[in-house]
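Asker: I'm passing along start_38.pdb; it holds PDB, C-alpha atoms.
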```pdb
ATOM      1  CA  MET A   1     -27.379 -27.649  22.361
ATOM      2  CA  ARG A   2     -26.843 -28.546  18.755
ATOM      3  CA  LEU A   3     -29.997 -26.725  17.750
ATOM      4  CA  LEU A   4     -28.812 -23.637  19.603
ATOM      5  CA  ARG A   5     -25.548 -23.748  17.689
ATOM      6  CA  ILE A   6     -27.376 -23.977  14.386
ATOM      7  CA  VAL A   7     -29.630 -21.072  15.317
ATOM      8  CA  ILE A   8     -26.638 -18.945  16.325
ATOM      9  CA  SER A   9     -24.769 -19.804  13.107
ATOM     10  CA  ALA A  10     -27.837 -18.959  11.073
ATOM     11  CA  CYS A  11     -28.134 -15.629  12.857
ATOM     12  CA  CYS A  12     -24.473 -14.895  12.215
ATOM     13  CA  LEU A  13     -24.880 -15.677   8.531
ATOM     14  CA  PHE A  14     -27.902 -13.464   8.348
ATOM     15  CA  TRP A  15     -26.085 -10.705  10.163
ATOM     16  CA  ALA A  16     -23.079 -11.058   7.892
ATOM     17  CA  ALA A  17     -25.298 -10.778   4.849
ATOM     18  CA  GLN A  18     -26.939  -7.697   6.269
ATOM     19  CA  SER A  19     -23.872  -5.574   6.754
ATOM     20  CA  PRO A  20     -20.637  -6.997   5.380
ATOM     21  CA  ALA A  21     -18.239  -4.571   6.966
ATOM     22  CA  GLY A  22     -20.254  -3.413   9.937
ATOM     23  CA  LEU A  23     -20.582   0.021   8.390
ATOM     24  CA  GLU A  24     -20.653   2.874  10.835
ATOM     25  CA  LYS A  25     -23.949   4.540  11.492
ATOM     26  CA  PHE A  26     -23.244   7.948  10.046
ATOM     27  CA  ASP A  27     -25.769  10.726  10.038
ATOM     28  CA  PHE A  28     -26.841  11.422   6.484
ATOM     29  CA  SER A  29     -29.511  13.969   7.341
ATOM     30  CA  GLY A  30     -27.100  16.893   6.917
ATOM     31  CA  ASN A  31     -25.107  17.895   3.864
ATOM     32  CA  VAL A  32     -23.584  14.455   3.321
ATOM     33  CA  ASP A  33     -25.281  12.533   0.550
ATOM     34  CA  GLU A  34     -25.481   8.855   1.457
ATOM     35  CA  ASP A  35     -25.427   7.595  -2.127
ATOM     36  CA  ARG A  36     -22.358   9.643  -2.954
ATOM     37  CA  TYR A  37     -20.662   8.395   0.211
ATOM     38  CA  LYS A  38     -21.440   4.757  -0.573
ATOM     39  CA  GLU A  39     -20.288   5.113  -4.154
ATOM     40  CA  LEU A  40     -17.045   6.744  -3.070
ATOM     41  CA  ILE A  41     -16.106   4.091  -0.535
ATOM     42  CA  THR A  42     -16.605   1.311  -3.062
ATOM     43  CA  GLU A  43     -14.090   3.004  -5.376
ATOM     44  CA  ILE A  44     -11.380   3.159  -2.740
ATOM     45  CA  ARG A  45      -9.242   0.175  -1.924
ATOM     46  CA  CYS A  46      -8.540  -0.889   1.616
ATOM     47  CA  LEU A  47      -4.768  -1.069   1.980
ATOM     48  CA  VAL A  48      -4.894  -3.716   4.656
ATOM     49  CA  CYS A  49      -7.107  -6.239   2.868
ATOM     50  CA  GLN A  50      -6.104  -5.292  -0.617
ATOM     51  CA  ASN A  51      -8.814  -7.157  -2.438
ATOM     52  CA  GLN A  52     -11.534  -5.319  -0.609
ATOM     53  CA  SER A  53     -12.862  -1.843  -1.006
ATOM     54  CA  LEU A  54     -13.321   0.495   1.912
ATOM     55  CA  ALA A  55     -16.981  -0.425   1.829
ATOM     56  CA  ASP A  56     -16.261  -4.146   2.192
ATOM     57  CA  SER A  57     -13.414  -4.109   4.642
ATOM     58  CA  ASP A  58     -13.706  -4.531   8.354
ATOM     59  CA  ALA A  59     -10.079  -3.596   8.968
ATOM     60  CA  GLU A  60      -9.385  -0.951  11.557
ATOM     61  CA  LEU A  61      -7.832   1.324   8.950
ATOM     62  CA  ALA A  62     -10.904   0.978   6.745
ATOM     63  CA  HIS A  63     -13.059   2.210   9.622
ATOM     64  CA  ASP A  64     -10.763   5.191  10.073
ATOM     65  CA  LEU A  65     -10.700   5.996   6.379
ATOM     66  CA  ARG A  66     -14.474   5.771   6.103
ATOM     67  CA  GLN A  67     -14.657   8.232   8.973
ATOM     68  CA  GLU A  68     -12.168  10.444   7.147
ATOM     69  CA  VAL A  69     -14.197  10.293   3.917
ATOM     70  CA  TYR A  70     -17.365  11.134   5.810
ATOM     71  CA  ASP A  71     -15.709  14.058   7.612
ATOM     72  CA  LEU A  72     -14.286  15.432   4.381
ATOM     73  CA  MET A  73     -17.717  15.218   2.772
ATOM     74  CA  GLN A  74     -19.179  17.035   5.720
ATOM     75  CA  LYS A  75     -16.618  19.771   5.186
ATOM     76  CA  GLY A  76     -18.089  20.131   1.713
ATOM     77  CA  GLN A  77     -15.250  18.582  -0.283
ATOM     78  CA  ASP A  78     -16.144  17.072  -3.635
ATOM     79  CA  ASN A  79     -15.167  13.584  -4.823
ATOM     80  CA  THR A  80     -12.058  14.780  -6.632
ATOM     81  CA  GLN A  81     -10.786  16.555  -3.559
ATOM     82  CA  ILE A  82     -11.383  13.515  -1.363
ATOM     83  CA  VAL A  83      -9.742  11.142  -3.820
ATOM     84  CA  ASP A  84      -6.787  13.552  -4.128
ATOM     85  CA  PHE A  85      -6.503  13.616  -0.342
ATOM     86  CA  LEU A  86      -6.194   9.826  -0.243
ATOM     87  CA  VAL A  87      -3.957   9.509  -3.305
ATOM     88  CA  TYR A  88      -1.564  12.113  -1.871
ATOM     89  CA  ARG A  89      -1.121   9.931   1.198
ATOM     90  CA  TYR A  90      -1.460   6.381  -0.103
ATOM     91  CA  GLY A  91      -0.714   6.671  -3.820
ATOM     92  CA  ASP A  92      -2.739   5.552  -6.844
ATOM     93  CA  PHE A  93      -2.976   2.163  -5.245
ATOM     94  CA  VAL A  94      -5.975   3.268  -3.190
ATOM     95  CA  LEU A  95      -7.959   3.586  -6.383
ATOM     96  CA  TYR A  96      -9.488   0.520  -7.943
ATOM     97  CA  LYS A  97      -9.399   2.323 -11.248
ATOM     98  CA  PRO A  98      -5.899   3.678 -11.785
ATOM     99  CA  PRO A  99      -5.667   7.068 -13.521
ATOM    100  CA  VAL A 100      -4.410   7.333 -17.096
ATOM    101  CA  LYS A 101      -0.926   8.880 -16.925
ATOM    102  CA  PRO A 102       2.514   8.075 -18.392
ATOM    103  CA  SER A 103       3.390   5.533 -15.704
ATOM    104  CA  THR A 104       0.133   3.646 -16.277
ATOM    105  CA  TYR A 105       0.063   3.815 -20.093
ATOM    106  CA  TRP A 106       1.225   0.212 -20.279
ATOM    107  CA  LEU A 107      -1.537  -0.819 -17.968
ATOM    108  CA  TRP A 108      -4.229   0.909 -19.982
ATOM    109  CA  TYR A 109      -2.928   0.569 -23.520
ATOM    110  CA  GLY A 110      -0.593  -2.438 -23.179
ATOM    111  CA  PRO A 111      -3.278  -5.070 -23.791
ATOM    112  CA  PHE A 112      -4.520  -3.252 -26.909
ATOM    113  CA  ALA A 113      -0.968  -2.850 -28.184
ATOM    114  CA  LEU A 114      -0.408  -6.571 -27.688
ATOM    115  CA  LEU A 115      -3.697  -7.358 -29.405
ATOM    116  CA  VAL A 116      -2.775  -5.246 -32.447
ATOM    117  CA  LEU A 117       0.688  -6.825 -32.518
ATOM    118  CA  GLY A 118      -0.909 -10.267 -32.366
ATOM    119  CA  ILE A 119      -3.258  -9.494 -35.235
ATOM    120  CA  ILE A 120      -0.395  -8.169 -37.387
ATOM    121  CA  MET A 121       1.650 -11.301 -36.694
ATOM    122  CA  LEU A 122      -1.329 -13.519 -37.435
ATOM    123  CA  ILE A 123      -1.952 -11.822 -40.786
ATOM    124  CA  LYS A 124       1.728 -12.092 -41.696
ATOM    125  CA  THR A 125       1.894 -15.758 -40.799
ATOM    126  CA  VAL A 126      -1.278 -16.602 -42.708
ATOM    127  CA  ARG A 127      -0.043 -14.736 -45.798
ATOM    128  CA  GLN A 128       3.318 -16.447 -45.681
ATOM    129  CA  ARG A 129       1.712 -19.871 -45.467
ATOM    130  CA  GLY A 130      -0.481 -19.039 -48.419
ATOM    131  CA  LYS A 131       2.585 -18.163 -50.480
ATOM    132  CA  GLN A 132       4.348 -21.381 -49.529
ATOM    133  CA  THR A 133       1.457 -23.542 -50.741
ATOM    134  CA  ASP A 134       1.315 -21.653 -54.024
ATOM    135  CA  ALA A 135       4.995 -22.130 -54.583
ATOM    136  CA  GLY A 136       4.738 -25.908 -54.224
ATOM    137  CA  PHE A 137       7.911 -27.986 -54.383
ATOM    138  CA  SER A 138      10.970 -27.244 -56.371
ATOM    139  CA  GLU A 139      11.980 -29.790 -59.024
ATOM    140  CA  ARG A 140      14.628 -31.227 -56.794
ATOM    141  CA  GLU A 141      12.252 -31.521 -53.864
ATOM    142  CA  GLN A 142       9.636 -33.179 -56.038
ATOM    143  CA  ALA A 143      12.193 -35.717 -57.307
ATOM    144  CA  ARG A 144      13.276 -36.513 -53.769
ATOM    145  CA  LEU A 145       9.701 -36.871 -52.627
ATOM    146  CA  ASP A 146       8.936 -39.216 -55.469
ATOM    147  CA  LYS A 147      11.929 -41.300 -54.572
ATOM    148  CA  ILE A 148      10.867 -41.544 -50.955
ATOM    149  CA  LEU A 149       7.356 -42.484 -51.932
ATOM    150  CA  GLY A 150       8.724 -45.096 -54.314
ATOM    151  CA  LYS A 151       7.343 -43.417 -57.388
ATOM    152  CA  ASP A 152       9.111 -43.797 -60.712
ATOM    153  CA  GLY A 153       7.462 -41.090 -62.663
ATOM    154  CA  ASP A 154       4.191 -42.640 -63.776
ATOM    155  CA  ASP A 155       1.509 -42.965 -61.220
ATOM    156  CA  ARG A 156       1.809 -46.644 -60.503
ATOM    157  CA  VAL A 157       2.256 -47.665 -56.909
TER     158      VAL A 157
ATOM    159  CA  MET B   1       7.639  -5.835 -14.138
ATOM    160  CA  GLY B   2       6.235  -5.925 -10.652
ATOM    161  CA  LEU B   3       6.049  -9.697 -10.392
ATOM    162  CA  GLY B   4       7.889 -11.049  -7.428
ATOM    163  CA  LEU B   5       7.402  -7.868  -5.438
ATOM    164  CA  ASP B   6       5.404  -8.050  -2.273
ATOM    165  CA  PRO B   7       1.985  -6.557  -3.074
ATOM    166  CA  ARG B   8       1.592  -5.570   0.563
ATOM    167  CA  LYS B   9       4.406  -3.100   0.183
ATOM    168  CA  VAL B  10       2.782  -0.114  -1.404
ATOM    169  CA  PRO B  11       5.334   2.539  -2.355
ATOM    170  CA  SER B  12       4.700   5.763  -0.502
ATOM    171  CA  PRO B  13       3.849   8.791  -2.627
ATOM    172  CA  LEU B  14       5.222  10.904   0.214
ATOM    173  CA  ILE B  15       8.849  10.145  -0.619
ATOM    174  CA  ASP B  16      10.659  13.408  -1.409
ATOM    175  CA  LYS B  17       7.727  15.421  -0.114
ATOM    176  CA  PRO B  18       7.679  17.523   3.044
ATOM    177  CA  ALA B  19       6.763  15.500   6.109
ATOM    178  CA  PRO B  20       3.062  16.010   6.863
ATOM    179  CA  ALA B  21       2.630  18.559   9.612
ATOM    180  CA  PHE B  22       1.416  17.316  12.952
ATOM    181  CA  SER B  23       1.210  18.504  16.487
ATOM    182  CA  LEU B  24       0.403  15.939  19.156
ATOM    183  CA  LYS B  25       0.774  15.457  22.861
ATOM    184  CA  ARG B  26       3.781  13.406  23.828
ATOM    185  CA  LEU B  27       3.318   9.902  25.106
ATOM    186  CA  LYS B  28       5.273  10.269  28.336
ATOM    187  CA  GLU B  29       4.760  13.991  28.950
ATOM    188  CA  PRO B  30       1.234  14.781  27.700
ATOM    189  CA  GLU B  31       1.687  18.425  28.652
ATOM    190  CA  VAL B  32       4.417  18.802  26.042
ATOM    191  CA  ILE B  33       3.684  18.907  22.314
ATOM    192  CA  LEU B  34       5.700  17.000  19.735
ATOM    193  CA  SER B  35       5.452  18.353  16.217
ATOM    194  CA  ASN B  36       7.166  17.834  12.895
ATOM    195  CA  THR B  37       9.132  21.035  13.493
ATOM    196  CA  ASP B  38      11.032  19.152  16.217
ATOM    197  CA  PHE B  39      12.656  17.150  13.414
ATOM    198  CA  LYS B  40      14.111  20.175  11.640
ATOM    199  CA  GLY B  41      17.848  20.523  11.310
ATOM    200  CA  LYS B  42      18.749  16.872  11.768
ATOM    201  CA  VAL B  43      18.209  13.557  10.068
ATOM    202  CA  THR B  44      15.448  11.777  11.935
ATOM    203  CA  LEU B  45      14.103   8.271  12.048
ATOM    204  CA  PHE B  46      10.357   8.353  12.655
ATOM    205  CA  ASN B  47       8.983   4.998  13.720
ATOM    206  CA  VAL B  48       5.275   4.128  13.797
ATOM    207  CA  TRP B  49       4.441   1.521  16.403
ATOM    208  CA  ALA B  50       1.859   0.220  18.840
ATOM    209  CA  THR B  51       1.714  -2.256  21.677
ATOM    210  CA  TRP B  52      -0.946  -4.291  19.848
ATOM    211  CA  CYS B  53       1.444  -4.717  16.930
ATOM    212  CA  VAL B  54       3.147  -8.089  17.103
ATOM    213  CA  ALA B  55       5.881  -7.276  14.604
ATOM    214  CA  CYS B  56       6.794  -4.162  16.607
ATOM    215  CA  ARG B  57       7.925  -6.421  19.419
ATOM    216  CA  SER B  58      10.467  -8.141  17.179
ATOM    217  CA  GLU B  59      11.624  -4.791  15.859
ATOM    218  CA  HIS B  60      12.131  -3.254  19.281
ATOM    219  CA  PRO B  61      15.615  -4.654  20.077
ATOM    220  CA  VAL B  62      16.824  -3.371  16.706
ATOM    221  CA  LEU B  63      15.635   0.136  17.580
ATOM    222  CA  MET B  64      17.225  -0.163  21.011
ATOM    223  CA  GLN B  65      20.552  -1.054  19.476
ATOM    224  CA  LEU B  66      20.296   1.743  16.928
ATOM    225  CA  ALA B  67      19.488   4.230  19.687
ATOM    226  CA  ARG B  68      22.500   3.082  21.689
ATOM    227  CA  SER B  69      24.749   3.569  18.681
ATOM    228  CA  GLY B  70      23.672   7.236  18.635
ATOM    229  CA  LYS B  71      23.856   7.307  14.839
ATOM    230  CA  VAL B  72      20.411   8.769  14.257
ATOM    231  CA  ASP B  73      17.740  10.476  16.338
ATOM    232  CA  ILE B  74      14.734   8.224  16.796
ATOM    233  CA  TYR B  75      11.261   9.622  17.298
ATOM    234  CA  GLY B  76       8.117   7.579  17.506
ATOM    235  CA  LEU B  77       4.481   7.795  16.556
ATOM    236  CA  ASN B  78       2.551   5.697  19.022
ATOM    237  CA  TYR B  79      -0.310   4.765  16.728
ATOM    238  CA  LYS B  80      -3.854   4.015  17.937
ATOM    239  CA  ASP B  81      -2.608   2.767  21.246
ATOM    240  CA  GLU B  82      -3.409   3.142  24.905
ATOM    241  CA  ARG B  83      -1.186   5.534  26.741
ATOM    242  CA  GLU B  84      -0.652   3.340  29.803
ATOM    243  CA  ALA B  85       0.055   0.211  27.769
ATOM    244  CA  ALA B  86       2.560   2.085  25.641
ATOM    245  CA  LYS B  87       4.336   3.574  28.655
ATOM    246  CA  GLN B  88       4.507   0.128  30.265
ATOM    247  CA  TRP B  89       5.991  -1.312  27.080
ATOM    248  CA  LEU B  90       8.769   1.269  27.084
ATOM    249  CA  LEU B  91       9.482   0.617  30.756
ATOM    250  CA  ARG B  92       9.645  -3.086  30.151
ATOM    251  CA  TYR B  93      11.559  -3.305  26.890
ATOM    252  CA  GLY B  94      13.481  -0.028  26.997
ATOM    253  CA  ASP B  95      12.880   3.312  25.349
ATOM    254  CA  PRO B  96      14.819   4.009  22.147
ATOM    255  CA  TYR B  97      12.824   7.159  21.378
ATOM    256  CA  ILE B  98      13.790  10.755  22.061
ATOM    257  CA  ALA B  99      10.049  11.331  22.231
ATOM    258  CA  ASN B 100       6.806   9.788  21.049
ATOM    259  CA  ALA B 101       3.779  11.534  19.602
ATOM    260  CA  PHE B 102       0.604   9.971  20.933
ATOM    261  CA  ASP B 103      -1.749   9.449  17.996
ATOM    262  CA  ALA B 104      -4.764   7.961  19.738
ATOM    263  CA  ASP B 105      -7.249   8.213  16.870
ATOM    264  CA  GLY B 106      -4.746   7.537  14.088
ATOM    265  CA  ARG B 107      -5.399  10.809  12.258
ATOM    266  CA  VAL B 108      -1.726  11.682  12.003
ATOM    267  CA  GLY B 109      -1.124   8.128  10.843
ATOM    268  CA  ILE B 110      -3.518   8.735   7.951
ATOM    269  CA  ASP B 111      -1.688  11.938   7.038
ATOM    270  CA  TRP B 112       1.539   9.961   6.901
ATOM    271  CA  GLY B 113      -0.081   7.255   4.765
ATOM    272  CA  VAL B 114       0.340   4.641   7.477
ATOM    273  CA  TYR B 115      -1.547   1.457   6.736
ATOM    274  CA  GLY B 116       0.188  -1.014   8.963
ATOM    275  CA  THR B 117       2.668  -1.056  11.774
ATOM    276  CA  PRO B 118       5.543  -0.940  12.123
ATOM    277  CA  GLU B 119       6.515   1.622   9.532
ATOM    278  CA  THR B 120       9.667   3.696   9.541
ATOM    279  CA  PHE B 121      10.347   7.005   7.833
ATOM    280  CA  ILE B 122      13.641   8.792   7.353
ATOM    281  CA  VAL B 123      13.222  12.559   7.363
ATOM    282  CA  ASP B 124      16.095  14.809   6.304
ATOM    283  CA  GLN B 125      17.333  18.068   7.843
ATOM    284  CA  GLN B 126      14.892  20.090   5.754
ATOM    285  CA  GLY B 127      11.964  18.032   6.973
ATOM    286  CA  VAL B 128      11.548  16.102   3.723
ATOM    287  CA  ILE B 129      10.676  12.390   3.794
ATOM    288  CA  ARG B 130      13.501  10.476   2.094
ATOM    289  CA  HIS B 131      12.651   6.879   2.787
ATOM    290  CA  LYS B 132       9.937   4.643   4.087
ATOM    291  CA  HIS B 133      10.341   1.132   5.323
ATOM    292  CA  ILE B 134       7.237  -0.983   5.770
ATOM    293  CA  GLY B 135       7.406  -3.820   8.255
ATOM    294  CA  PRO B 136       9.824  -4.443  11.098
ATOM    295  CA  LEU B 137      13.370  -3.175  10.859
ATOM    296  CA  THR B 138      16.057  -5.816  11.123
ATOM    297  CA  GLN B 139      19.793  -5.526  11.807
ATOM    298  CA  GLU B 140      20.417  -6.099   8.089
ATOM    299  CA  ILE B 141      17.994  -3.419   6.948
ATOM    300  CA  VAL B 142      19.483  -0.927   9.393
ATOM    301  CA  ARG B 143      23.000  -1.770   8.235
ATOM    302  CA  ASP B 144      22.294  -1.921   4.487
ATOM    303  CA  GLU B 145      19.533   0.652   3.981
ATOM    304  CA  ILE B 146      18.965   2.943   6.920
ATOM    305  CA  LEU B 147      22.465   3.855   8.068
ATOM    306  CA  PRO B 148      23.957   4.401   4.585
ATOM    307  CA  LEU B 149      21.065   6.737   3.780
ATOM    308  CA  VAL B 150      21.439   8.608   7.071
ATOM    309  CA  GLN B 151      25.159   9.077   6.427
ATOM    310  CA  GLN B 152      24.516  10.212   2.872
ATOM    311  CA  LEU B 153      21.912  12.738   3.983
ATOM    312  CA  GLU B 154      24.133  14.055   6.734
ATOM    313  CA  ALA B 155      26.982  14.448   4.280
ATOM    314  CA  THR B 156      24.962  16.315   1.651
ATOM    315  CA  SER B 157      23.960  19.238   3.798
ATOM    316  CA  GLY B 158      26.153  18.911   6.834
TER     317      GLY B 158
END
```
Can the structure from this file be put into structure tokens for me?
Answerer:
Amino acid sequence: MRLLRIVISACCLFWAAQSPAGLEKFDFSGNVDEDRYKELITEIRCLVCQNQSLADSDAELAHDLRQEVYDLMQKGQDNTQIVDFLVYRYGDFVLYKPPVKPSTYWLWYGPFALLVLGIIMLIKTVRQRGKQTDAGFSEREQARLDKILGKDGDDRV
Amino acid sequence: MGLGLDPRKVPSPLIDKPAPAFSLKRLKEPEVILSNTDFKGKVTLFNVWATWCVACRSEHPVLMQLARSGKVDIYGLNYKDEREAAKQWLLRYGDPYIANAFDADGRVGIDWGVYGTPETFIVDQQGVIRHKHIGPLTQEIVRDEILPLVQQLEATSG
């Protein structure tokens, strides 16, 4: 009984490794290029399981959208047209790689802007510190320091 | 910026765009077609639901109450469901809908950007989508979001 269970589990694991999302058996003998199809569905996000692409997801909607992508390809639409079709309905969110446009400038350029800002601040801080060391202590500060350290002018301790 | 927002709620790009055209057999009277042109000339609440959808069950009494109030016309999109099961559901829990479009394969759902049920759209007199609510409607959402919007839309081009 236990052995049977192990065998079944092993089969399941093997099966799972074979085809993660139980991809539909589409006919790629016609005008639909299988590589293009597979590439496209990995670039589109499944809205139900948001951390999975259409290619990975086993959600019902992912099945439907894969069918939709396949049908659109069969109708001779190119990648841009298919992506536009999905973005029109679901928004940029369906794309793993968001497009560069005013509302996503922060997303694309924000990190670089912050990096540049950080470098400028770092340079400023380092320069300022350098100046401070050069300046040393003022006479008054030096006198106070000597007093604290118990110095009386000559270097005896 | 977007922290604290629910990532499951993806804003619909269809807001302020014309409602996607559809033409489907009705749930209860399959010989009659329901299409988006049936919405024209009045503010409409278009609710996407299914009998397999657990949250739809909790939403149902809210829709029933809203229908009884007569404040907005409610149409439904019965999404990827079985006709008999859906009809039974309406017999059992009441029918708040003027009519339901029966979207067996979910194609119309895709056109409307549906990715979960329930979802609720508010369509204005010109057939433009003005609002989308994702997840079940509650009394509070109807009172604070849906009805004020319906009143505002009705006032603007009454």
Asker: Within 12 Å of chain A, which residues of chain B show up? Give each one with its shortest atom-to-atom distance in Å (one decimal) and the two atoms involved, counting only C-alpha atoms, rows by chain then rising residue number, as JSON lines.
Answerer:
```
{"residue": "B:Met1", "atom": "CA", "partner": "A:Trp106", "partner_atom": "CA", "distance": 10.7}
{"residue": "B:Gly2", "atom": "CA", "partner": "A:Leu107", "partner_atom": "CA", "distance": 11.8}
{"residue": "B:Asp6", "atom": "CA", "partner": "A:Gln50", "partner_atom": "CA", "distance": 11.9}
{"residue": "B:Pro7", "atom": "CA", "partner": "A:Gln50", "partner_atom": "CA", "distance": 8.5}
{"residue": "B:Arg8", "atom": "CA", "partner": "A:Gln50", "partner_atom": "CA", "distance": 7.8}
{"residue": "B:Lys9", "atom": "CA", "partner": "A:Leu47", "partner_atom": "CA", "distance": 9.6}
{"residue": "B:Val10", "atom": "CA", "partner": "A:Phe93", "partner_atom": "CA", "distance": 7.3}
{"residue": "B:Pro11", "atom": "CA", "partner": "A:Gly91", "partner_atom": "CA", "distance": 7.5}
{"residue": "B:Ser12", "atom": "CA", "partner": "A:Tyr90", "partner_atom": "CA", "distance": 6.2}
{"residue": "B:Pro13", "atom": "CA", "partner": "A:Gly91", "partner_atom": "CA", "distance": 5.2}
{"residue": "B:Leu14", "atom": "CA", "partner": "A:Arg89", "partner_atom": "CA", "distance": 6.5}
{"residue": "B:Ile15", "atom": "CA", "partner": "A:Arg89", "partner_atom": "CA", "distance": 10.1}
{"residue": "B:Lys17", "atom": "CA", "partner": "A:Tyr88", "partner_atom": "CA", "distance": 10.0}
{"residue": "B:Pro18", "atom": "CA", "partner": "A:Arg89", "partner_atom": "CA", "distance": 11.8}
{"residue": "B:Ala19", "atom": "CA", "partner": "A:Arg89", "partner_atom": "CA", "distance": 10.8}
{"residue": "B:Pro20", "atom": "CA", "partner": "A:Arg89", "partner_atom": "CA", "distance": 9.3}
{"residue": "B:Tyr79", "atom": "CA", "partner": "A:Leu61", "partner_atom": "CA", "distance": 11.4}
{"residue": "B:Lys80", "atom": "CA", "partner": "A:Glu60", "partner_atom": "CA", "distance": 9.8}
{"residue": "B:Ala104", "atom": "CA", "partner": "A:Asp64", "partner_atom": "CA", "distance": 11.7}
{"residue": "B:Asp105", "atom": "CA", "partner": "A:Asp64", "partner_atom": "CA", "distance": 8.2}
{"residue": "B:Gly106", "atom": "CA", "partner": "A:Asp64", "partner_atom": "CA", "distance": 7.6}
{"residue": "B:Arg107", "atom": "CA", "partner": "A:Asp64", "partner_atom": "CA", "distance": 8.1}
{"residue": "B:Val108", "atom": "CA", "partner": "A:Arg89", "partner_atom": "CA", "distance": 11.0}
{"residue": "B:Gly109", "atom": "CA", "partner": "A:Leu61", "partner_atom": "CA", "distance": 9.7}
{"residue": "B:Ile110", "atom": "CA", "partner": "A:Arg89", "partner_atom": "CA", "distance": 7.3}
{"residue": "B:Asp111", "atom": "CA", "partner": "A:Arg89", "partner_atom": "CA", "distance": 6.2}
{"residue": "B:Trp112", "atom": "CA", "partner": "A:Arg89", "partner_atom": "CA", "distance": 6.3}
{"residue": "B:Gly113", "atom": "CA", "partner": "A:Arg89", "partner_atom": "CA", "distance": 4.6}
{"residue": "B:Val114", "atom": "CA", "partner": "A:Tyr90", "partner_atom": "CA", "distance": 8.0}
{"residue": "B:Tyr115", "atom": "CA", "partner": "A:Leu47", "partner_atom": "CA", "distance": 6.3}
{"residue": "B:Gly116", "atom": "CA", "partner": "A:Val48", "partner_atom": "CA", "distance": 7.2}
{"residue": "B:Thr117", "atom": "CA", "partner": "A:Val48", "partner_atom": "CA", "distance": 10.7}
```
Asker: Could you tell me how far atom CA of Pro136 of chain B lies from atom CA of Ala50 of chain B, in Å and to one decimal?
Answerer: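 Here the two named atoms are 12.0 Å from each other.
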Asker: List as a ChimeraX atom specification the protein and nucleic acid residues near Val32 of chain B, meaning an atom at most 12 Å away when only C-alpha atoms are counted, but skip any in the same chain fewer than 6 places from it.
Answerer: /B:23-26,38,99-102
Asker: Given the file shown, determine the residues that the PyMOL selection byres ((chain A and resi 37) around 10) selects; report them as number ranges by chain.
Answerer: A: 28, 32-36, 38-42, 55, 66, 69-70, 73, 79
Asker: So how far away is atom CA of Thr104 of chain A from atom CA of Pro118 of chain B, in Å?
Answerer: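 About the pair atom CA of Pro118 of chain B and atom CA of Thr104 of chain A: they are 29.3 Å apart.
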Asker: Quick one: of B:Ile98, B:Leu90, B:Val128, B:Leu149, who's nearest to Cys56 of chain B, counting all atoms listed in the file?
Answerer: B:Leu90
Asker: Starting from the PyMOL selection byres ((chain B and resi 64-74) around 9), expand the selection into actual residues of this file and give them as a list in words.
Answerer: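 Evaluating the PyMOL selection byres ((chain B and resi 64-74) around 9) on this file yields Phe39, Lys42, Val43, Thr44, Leu45, Phe46, Asn47, Glu59, His60, Pro61, Val62, Leu63, Tyr75, Gly76, Tyr93, Gly94, Asp95, Pro96, Tyr97, Ile98, Ala99, Gln139, Val142, Leu147, Val150 and Gln151 of chain B.
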Asker: B:Asp16, B:Glu140, B:Glu82, B:Asp103: which is nearest Gln126 of chain B, counting all atoms listed in the file?
Answerer: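 With all atoms listed in the file as the atom set, the closest residue is B:Asp16.
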